[in-house]
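Q: Structure provided below as structure tokens; questions to follow.
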Amino acid sequence: MSLMQTITQIKTKGFSLIELLIVVVILGLTSSFGIPAFSGWIANAQTRTFAEVLQNNIRLTQAEAVRSGRQVQFFLTAGTPTLAASTSTSGKNWGIQSMSLTSSSTPDTFVQGGSISAGNAMINIAASSGVLQFNSIGRLTTPAQSALIDISNANGDRPLRITVSAAGAIRMCDPSKLRADAPYGC
């Protein structure tokens, strides 16, 4: 084999700089179109996660009321969730507290609380009531009618709603859809 054949074989085995630049440009264009869609998907996933956490803790409140045979309250707050926390209809922190009976000397007790605001600065909450109170059979007593909690994300395009009926049914739905048209509609 001559020296020229060896050089030709070596030359055909690699990528040229132009080929590499073309691949990089194509990847850059593809990702520039995909990143906004991916960001929207992440925002919608954060909204769903936040809504699921709230829904699960409302269900936990209801279960605690049935288990303990007492009035138990779920509340939203903008501050630290404690027994004496002030409620808010737009708070990103939540708490659960067991209420004392009127004829009992047992004081109100803080069951648990949490914050979902870390890393979710773009999440917005709009609740019809900052307090949801359940009685010992799991029915909503405060507010007297059904309650709504709307959850949205400034970067997302899919808001969600948690509804709590007076009978105690807790459901997550999409407020942009009608229940007659879609099973996940409100």
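Every chain in the structure tokens has a letter given in the order shown (A, B, ...), and although residue numbers restart at 1 in each chain, ligands are simply numbered from 1 in the order shown.
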Could you give me, as CSV, every region 57-161 of chain A residue with an atom at most 12 Å from region 36-45 of chain A, plus its closest atom pair and distance in Å to one decimal, counting only C-alpha atoms, rows ordered by chain then number?

A:
residue,atom,partner,partner_atom,distance
A:Gly119,CA,A:Ala43,CA,11.1
A:Asn120,CA,A:Ala43,CA,9.0
A:Ala121,CA,A:Ala43,CA,10.8
A:Met122,CA,A:Ala43,CA,8.4
A:Ile123,CA,A:Ala43,CA,8.7
A:Asn124,CA,A:Ala43,CA,11.7
A:Ile151,CA,A:Asn44,CA,10.4
A:Ser152,CA,A:Asn44,CA,8.4
A:Asn153,CA,A:Ala43,CA,6.4
A:Ala154,CA,A:Ala43,CA,8.1
A:Asn155,CA,A:Ala43,CA,5.7
A:Gly156,CA,A:Ala43,CA,4.8
A:Asp157,CA,A:Asn44,CA,6.8
A:Arg158,CA,A:Asn44,CA,6.0
A:Pro159,CA,A:Asn44,CA,7.8
A:Leu160,CA,A:Asn44,CA,9.4

Q: Give me the region 76-153 of chain A side of the contact with region 164-184 of chain A, cut-off 9 Å, one line per residue showing its nearest atom pair and distance in Å at one decimal, counting only C-alpha atoms, sorted by chain and residue number, as JSON lines.

A:
{"residue": "A:Leu132", "atom": "CA", "partner": "A:Val164", "partner_atom": "CA", "distance": 8.7}
{"residue": "A:Phe134", "atom": "CA", "partner": "A:Gly168", "partner_atom": "CA", "distance": 7.8}
{"residue": "A:Ile137", "atom": "CA", "partner": "A:Gly168", "partner_atom": "CA", "distance": 8.9}
{"residue": "A:Gly138", "atom": "CA", "partner": "A:Gly168", "partner_atom": "CA", "distance": 5.9}
{"residue": "A:Arg139", "atom": "CA", "partner": "A:Gly168", "partner_atom": "CA", "distance": 4.5}
{"residue": "A:Leu140", "atom": "CA", "partner": "A:Ala166", "partner_atom": "CA", "distance": 4.9}
{"residue": "A:Thr141", "atom": "CA", "partner": "A:Ala166", "partner_atom": "CA", "distance": 7.2}
{"residue": "A:Thr142", "atom": "CA", "partner": "A:Ala166", "partner_atom": "CA", "distance": 8.8}
{"residue": "A:Pro143", "atom": "CA", "partner": "A:Ala166", "partner_atom": "CA", "distance": 8.2}
{"residue": "A:Ala144", "atom": "CA", "partner": "A:Ala166", "partner_atom": "CA", "distance": 6.7}
{"residue": "A:Gln145", "atom": "CA", "partner": "A:Ala166", "partner_atom": "CA", "distance": 5.3}
{"residue": "A:Ser146", "atom": "CA", "partner": "A:Ser165", "partner_atom": "CA", "distance": 4.2}
{"residue": "A:Ala147", "atom": "CA", "partner": "A:Val164", "partner_atom": "CA", "distance": 5.1}
{"residue": "A:Leu148", "atom": "CA", "partner": "A:Val164", "partner_atom": "CA", "distance": 6.5}
{"residue": "A:Ile149", "atom": "CA", "partner": "A:Val164", "partner_atom": "CA", "distance": 8.7}
{"residue": "A:Asp150", "atom": "CA", "partner": "A:Pro175", "partner_atom": "CA", "distance": 8.4}

Q: Would you export the selected residues with N, CA and C atoms as a PDB file, in the first residue's frame, please?

A:
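Result went into part-v9.pdb, see below:
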ATOM      1  N   LEU A 132     -61.411  25.445  55.080  1.00  0.00           N
ATOM      2  CA  LEU A 132     -62.357  24.360  54.791  1.00  0.00           C
ATOM      3  C   LEU A 132     -62.444  23.532  56.063  1.00  0.00           C
ATOM      4  N   PHE A 134     -64.325  20.366  58.116  1.00  0.00           N
ATOM      5  CA  PHE A 134     -65.119  19.151  57.958  1.00  0.00           C
ATOM      6  C   PHE A 134     -65.602  18.676  59.313  1.00  0.00           C
ATOM      7  N   ILE A 137     -68.511  13.397  60.107  1.00  0.00           N
ATOM      8  CA  ILE A 137     -68.940  12.459  59.065  1.00  0.00           C
ATOM      9  C   ILE A 137     -68.386  12.855  57.692  1.00  0.00           C
ATOM     10  N   GLY A 138     -67.416  13.786  57.693  1.00  0.00           N
ATOM     11  CA  GLY A 138     -66.722  14.144  56.472  1.00  0.00           C
ATOM     12  C   GLY A 138     -67.409  15.166  55.599  1.00  0.00           C
ATOM     13  N   ARG A 139     -68.411  15.836  56.133  1.00  0.00           N
ATOM     14  CA  ARG A 139     -69.110  16.867  55.352  1.00  0.00           C
ATOM     15  C   ARG A 139     -68.481  18.230  55.604  1.00  0.00           C
ATOM     16  N   LEU A 140     -68.553  19.064  54.599  1.00  0.00           N
ATOM     17  CA  LEU A 140     -68.022  20.423  54.689  1.00  0.00           C
ATOM     18  C   LEU A 140     -68.974  21.280  55.517  1.00  0.00           C
ATOM     19  N   THR A 141     -68.451  21.918  56.561  1.00  0.00           N
ATOM     20  CA  THR A 141     -69.279  22.797  57.391  1.00  0.00           C
ATOM     21  C   THR A 141     -68.916  24.264  57.194  1.00  0.00           C
ATOM     22  N   THR A 142     -67.685  24.543  56.860  1.00  0.00           N
ATOM     23  CA  THR A 142     -67.239  25.910  56.576  1.00  0.00           C
ATOM     24  C   THR A 142     -66.427  25.880  55.300  1.00  0.00           C
ATOM     25  N   PRO A 143     -66.830  26.582  54.281  1.00  0.00           N
ATOM     26  CA  PRO A 143     -68.039  27.366  54.111  1.00  0.00           C
ATOM     27  C   PRO A 143     -69.264  26.462  54.020  1.00  0.00           C
ATOM     28  N   ALA A 144     -70.429  27.064  54.147  1.00  0.00           N
ATOM     29  CA  ALA A 144     -71.667  26.279  54.159  1.00  0.00           C
ATOM     30  C   ALA A 144     -71.966  25.667  52.798  1.00  0.00           C
ATOM     31  N   GLN A 145     -71.555  26.310  51.749  1.00  0.00           N
ATOM     32  CA  GLN A 145     -71.750  25.792  50.392  1.00  0.00           C
ATOM     33  C   GLN A 145     -70.446  25.161  49.915  1.00  0.00           C
ATOM     34  N   SER A 146     -70.393  24.799  48.662  1.00  0.00           N
ATOM     35  CA  SER A 146     -69.176  24.208  48.112  1.00  0.00           C
ATOM     36  C   SER A 146     -68.058  25.255  48.052  1.00  0.00           C
ATOM     37  N   ALA A 147     -66.831  24.764  48.010  1.00  0.00           N
ATOM     38  CA  ALA A 147     -65.657  25.633  47.966  1.00  0.00           C
ATOM     39  C   ALA A 147     -64.863  25.348  46.699  1.00  0.00           C
ATOM     40  N   LEU A 148     -64.220  26.380  46.187  1.00  0.00           N
ATOM     41  CA  LEU A 148     -63.402  26.267  44.985  1.00  0.00           C
ATOM     42  C   LEU A 148     -62.007  26.799  45.268  1.00  0.00           C
ATOM     43  N   ILE A 149     -61.005  26.117  44.755  1.00  0.00           N
ATOM     44  CA  ILE A 149     -59.629  26.617  44.813  1.00  0.00           C
ATOM     45  C   ILE A 149     -59.085  26.554  43.393  1.00  0.00           C
ATOM     46  N   ASP A 150     -58.827  27.717  42.801  1.00  0.00           N
ATOM     47  CA  ASP A 150     -58.267  27.797  41.455  1.00  0.00           C
ATOM     48  C   ASP A 150     -56.751  27.921  41.544  1.00  0.00           C
TER      49      ASP A 150
END

Q: Would you mind writing down, as a ChimeraX atom specification, each residue of region 7-169 of chain A that DSSP on the backbone assigns to helix (DSSP H, G or I)?

A: /A:7-12,17-68

Q: Name all residues at most 10 Å from region 53-61 of chain A (count only C-alpha atoms; drop same-chain ones fewer than 4 positions away) and give them as an MDAnalysis selection string.

A: chainID A and resid 48:49 65:67 71:76 92:98 111:114 116 132:135 138 149 151 161:164 168:172

Q: Filtering to N, CA and C atoms, could you give me those residues as an mmCIF file, in the first residue's frame?

A:
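Result went into selection26.cif, see below:
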data_model
loop_
_atom_site.group_PDB
_atom_site.id
_atom_site.type_symbol
_atom_site.label_atom_id
_atom_site.label_comp_id
_atom_site.auth_asym_id
_atom_site.auth_seq_id
_atom_site.Cartn_x
_atom_site.Cartn_y
_atom_site.Cartn_z
ATOM 1 N N ARG A 48 -50.057 21.093 38.228
ATOM 2 C CA ARG A 48 -50.711 19.819 38.571
ATOM 3 C C ARG A 48 -50.184 19.283 39.901
ATOM 4 N N THR A 49 -48.888 19.340 40.108
ATOM 5 C CA THR A 49 -48.298 18.859 41.362
ATOM 6 C C THR A 49 -48.832 19.649 42.552
ATOM 7 N N ALA A 65 -60.977 14.252 60.307
ATOM 8 C CA ALA A 65 -62.245 14.614 60.959
ATOM 9 C C ALA A 65 -63.070 13.360 61.235
ATOM 10 N N VAL A 66 -63.129 12.462 60.282
ATOM 11 C CA VAL A 66 -63.894 11.221 60.470
ATOM 12 C C VAL A 66 -63.218 10.343 61.520
ATOM 13 N N ARG A 67 -61.890 10.241 61.466
ATOM 14 C CA ARG A 67 -61.142 9.392 62.405
ATOM 15 C C ARG A 67 -61.273 9.880 63.840
ATOM 16 N N GLN A 71 -64.368 18.327 64.585
ATOM 17 C CA GLN A 71 -64.251 19.276 63.481
ATOM 18 C C GLN A 71 -62.761 19.458 63.186
ATOM 19 N N VAL A 72 -62.387 19.312 61.914
ATOM 20 C CA VAL A 72 -60.992 19.500 61.524
ATOM 21 C C VAL A 72 -60.972 20.498 60.372
ATOM 22 N N GLN A 73 -60.001 21.379 60.443
ATOM 23 C CA GLN A 73 -59.933 22.494 59.522
ATOM 24 C C GLN A 73 -58.697 22.422 58.635
ATOM 25 N N PHE A 74 -58.885 22.630 57.337
ATOM 26 C CA PHE A 74 -57.785 22.827 56.388
ATOM 27 C C PHE A 74 -57.758 24.320 56.108
ATOM 28 N N PHE A 75 -56.577 24.924 56.139
ATOM 29 C CA PHE A 75 -56.513 26.358 55.877
ATOM 30 C C PHE A 75 -55.323 26.698 54.997
ATOM 31 N N LEU A 76 -55.498 27.764 54.233
ATOM 32 C CA LEU A 76 -54.422 28.346 53.441
ATOM 33 C C LEU A 76 -53.921 29.567 54.182
ATOM 34 N N LYS A 92 -49.913 30.265 49.775
ATOM 35 C CA LYS A 92 -49.270 29.076 49.210
ATOM 36 C C LYS A 92 -48.829 28.088 50.291
ATOM 37 N N ASN A 93 -49.115 28.392 51.529
ATOM 38 C CA ASN A 93 -48.839 27.473 52.634
ATOM 39 C C ASN A 93 -50.172 26.934 53.132
ATOM 40 N N TRP A 94 -50.146 25.745 53.690
ATOM 41 C CA TRP A 94 -51.381 25.121 54.156
ATOM 42 C C TRP A 94 -51.154 24.510 55.531
ATOM 43 N N GLY A 95 -52.250 24.319 56.236
ATOM 44 C CA GLY A 95 -52.180 23.688 57.544
ATOM 45 C C GLY A 95 -53.463 22.933 57.837
ATOM 46 N N ILE A 96 -53.362 22.006 58.772
ATOM 47 C CA ILE A 96 -54.512 21.227 59.225
ATOM 48 C C ILE A 96 -54.537 21.322 60.740
ATOM 49 N N GLN A 97 -55.696 21.667 61.283
ATOM 50 C CA GLN A 97 -55.829 21.727 62.736
ATOM 51 C C GLN A 97 -57.149 21.123 63.167
ATOM 52 N N SER A 98 -57.100 20.457 64.299
ATOM 53 C CA SER A 98 -58.278 19.839 64.889
ATOM 54 C C SER A 98 -58.893 20.841 65.851
ATOM 55 N N VAL A 111 -52.346 19.780 63.537
ATOM 56 C CA VAL A 111 -52.064 18.430 63.054
ATOM 57 C C VAL A 111 -50.805 18.429 62.203
ATOM 58 N N GLN A 112 -50.798 19.214 61.138
ATOM 59 C CA GLN A 112 -49.609 19.347 60.307
ATOM 60 C C GLN A 112 -49.789 20.499 59.346
ATOM 61 N N GLY A 113 -48.708 20.888 58.720
ATOM 62 C CA GLY A 113 -48.749 21.971 57.757
ATOM 63 C C GLY A 113 -47.576 21.870 56.818
ATOM 64 N N GLY A 114 -47.606 22.670 55.802
ATOM 65 C CA GLY A 114 -46.514 22.634 54.842
ATOM 66 C C GLY A 114 -46.534 23.838 53.930
ATOM 67 N N ILE A 116 -45.674 24.971 49.843
ATOM 68 C CA ILE A 116 -45.411 24.506 48.495
ATOM 69 C C ILE A 116 -44.871 25.656 47.667
ATOM 70 N N LEU A 132 -61.411 25.445 55.080
ATOM 71 C CA LEU A 132 -62.357 24.360 54.791
ATOM 72 C C LEU A 132 -62.444 23.532 56.063
ATOM 73 N N GLN A 133 -63.625 23.446 56.633
ATOM 74 C CA GLN A 133 -63.794 22.705 57.883
ATOM 75 C C GLN A 133 -64.740 21.544 57.646
ATOM 76 N N PHE A 134 -64.325 20.366 58.116
ATOM 77 C CA PHE A 134 -65.119 19.151 57.958
ATOM 78 C C PHE A 134 -65.602 18.676 59.313
ATOM 79 N N ASN A 135 -66.819 18.089 59.327
ATOM 80 C CA ASN A 135 -67.342 17.538 60.574
ATOM 81 C C ASN A 135 -66.994 16.054 60.688
ATOM 82 N N GLY A 138 -67.416 13.786 57.693
ATOM 83 C CA GLY A 138 -66.722 14.144 56.472
ATOM 84 C C GLY A 138 -67.409 15.166 55.599
ATOM 85 N N ILE A 149 -61.005 26.117 44.755
ATOM 86 C CA ILE A 149 -59.629 26.617 44.813
ATOM 87 C C ILE A 149 -59.085 26.554 43.393
ATOM 88 N N ILE A 151 -56.064 27.115 40.760
ATOM 89 C CA ILE A 151 -54.606 27.092 40.755
ATOM 90 C C ILE A 151 -54.141 27.323 39.322
ATOM 91 N N ARG A 161 -58.660 23.391 38.977
ATOM 92 C CA ARG A 161 -59.561 23.805 40.056
ATOM 93 C C ARG A 161 -59.827 22.600 40.955
ATOM 94 N N ILE A 162 -59.806 22.840 42.255
ATOM 95 C CA ILE A 162 -60.219 21.834 43.230
ATOM 96 C C ILE A 162 -61.584 22.265 43.731
ATOM 97 N N THR A 163 -62.543 21.358 43.641
ATOM 98 C CA THR A 163 -63.885 21.655 44.149
ATOM 99 C C THR A 163 -64.166 20.747 45.340
ATOM 100 N N VAL A 164 -64.779 21.320 46.354
ATOM 101 C CA VAL A 164 -65.190 20.566 47.532
ATOM 102 C C VAL A 164 -66.677 20.853 47.713
ATOM 103 N N GLY A 168 -69.002 16.850 50.843
ATOM 104 C CA GLY A 168 -67.661 16.366 51.138
ATOM 105 C C GLY A 168 -66.934 15.750 49.958
ATOM 106 N N ALA A 169 -67.500 15.796 48.749
ATOM 107 C CA ALA A 169 -66.820 15.257 47.574
ATOM 108 C C ALA A 169 -65.708 16.224 47.156
ATOM 109 N N ILE A 170 -64.493 15.689 46.997
ATOM 110 C CA ILE A 170 -63.330 16.493 46.640
ATOM 111 C C ILE A 170 -62.890 16.064 45.248
ATOM 112 N N ARG A 171 -62.755 17.033 44.350
ATOM 113 C CA ARG A 171 -62.481 16.704 42.955
ATOM 114 C C ARG A 171 -61.575 17.763 42.335
ATOM 115 N N MET A 172 -60.647 17.308 41.475
ATOM 116 C CA MET A 172 -59.821 18.225 40.705
ATOM 117 C C MET A 172 -60.342 18.233 39.274
#

Q: If DSSP is run on the backbone, what residues of chain A are strand (DSSP E)? A reply as a ChimeraX atom specification would be ideal.

A: /A:72-77,93-98,109-115,123-127,131-134,140-142,147-153,160-164,170-173

Q: Work out how far CA of Ala63 (chain A) is from CA of Pro81 (chain A), in Å to one decimal.

A: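 Those two atoms sit 19.6 Å apart.
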
Q: Pick the closest to Thr80 (chain A) from A:Ile125, A:Ser115, A:Gln62, A:Phe33: which is it, counting only C-alpha atoms?

A: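 The answer is A:Ser115, which sits nearest to Thr80 (chain A).
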
Q: Pick out the closest residue to Thr109 (chain A) from this set: A:Ala126, A:Arg70, A:Ala78, A:Gly91. Count only C-alpha atoms.

A: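 Closest to Thr109 (chain A), using only C-alpha atoms: A:Arg70.
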
Q: What does the distance from CA of Glu52 (chain A) to CA of Gly69 (chain A) come to in Å, to one decimal?

A: 25.4 Å
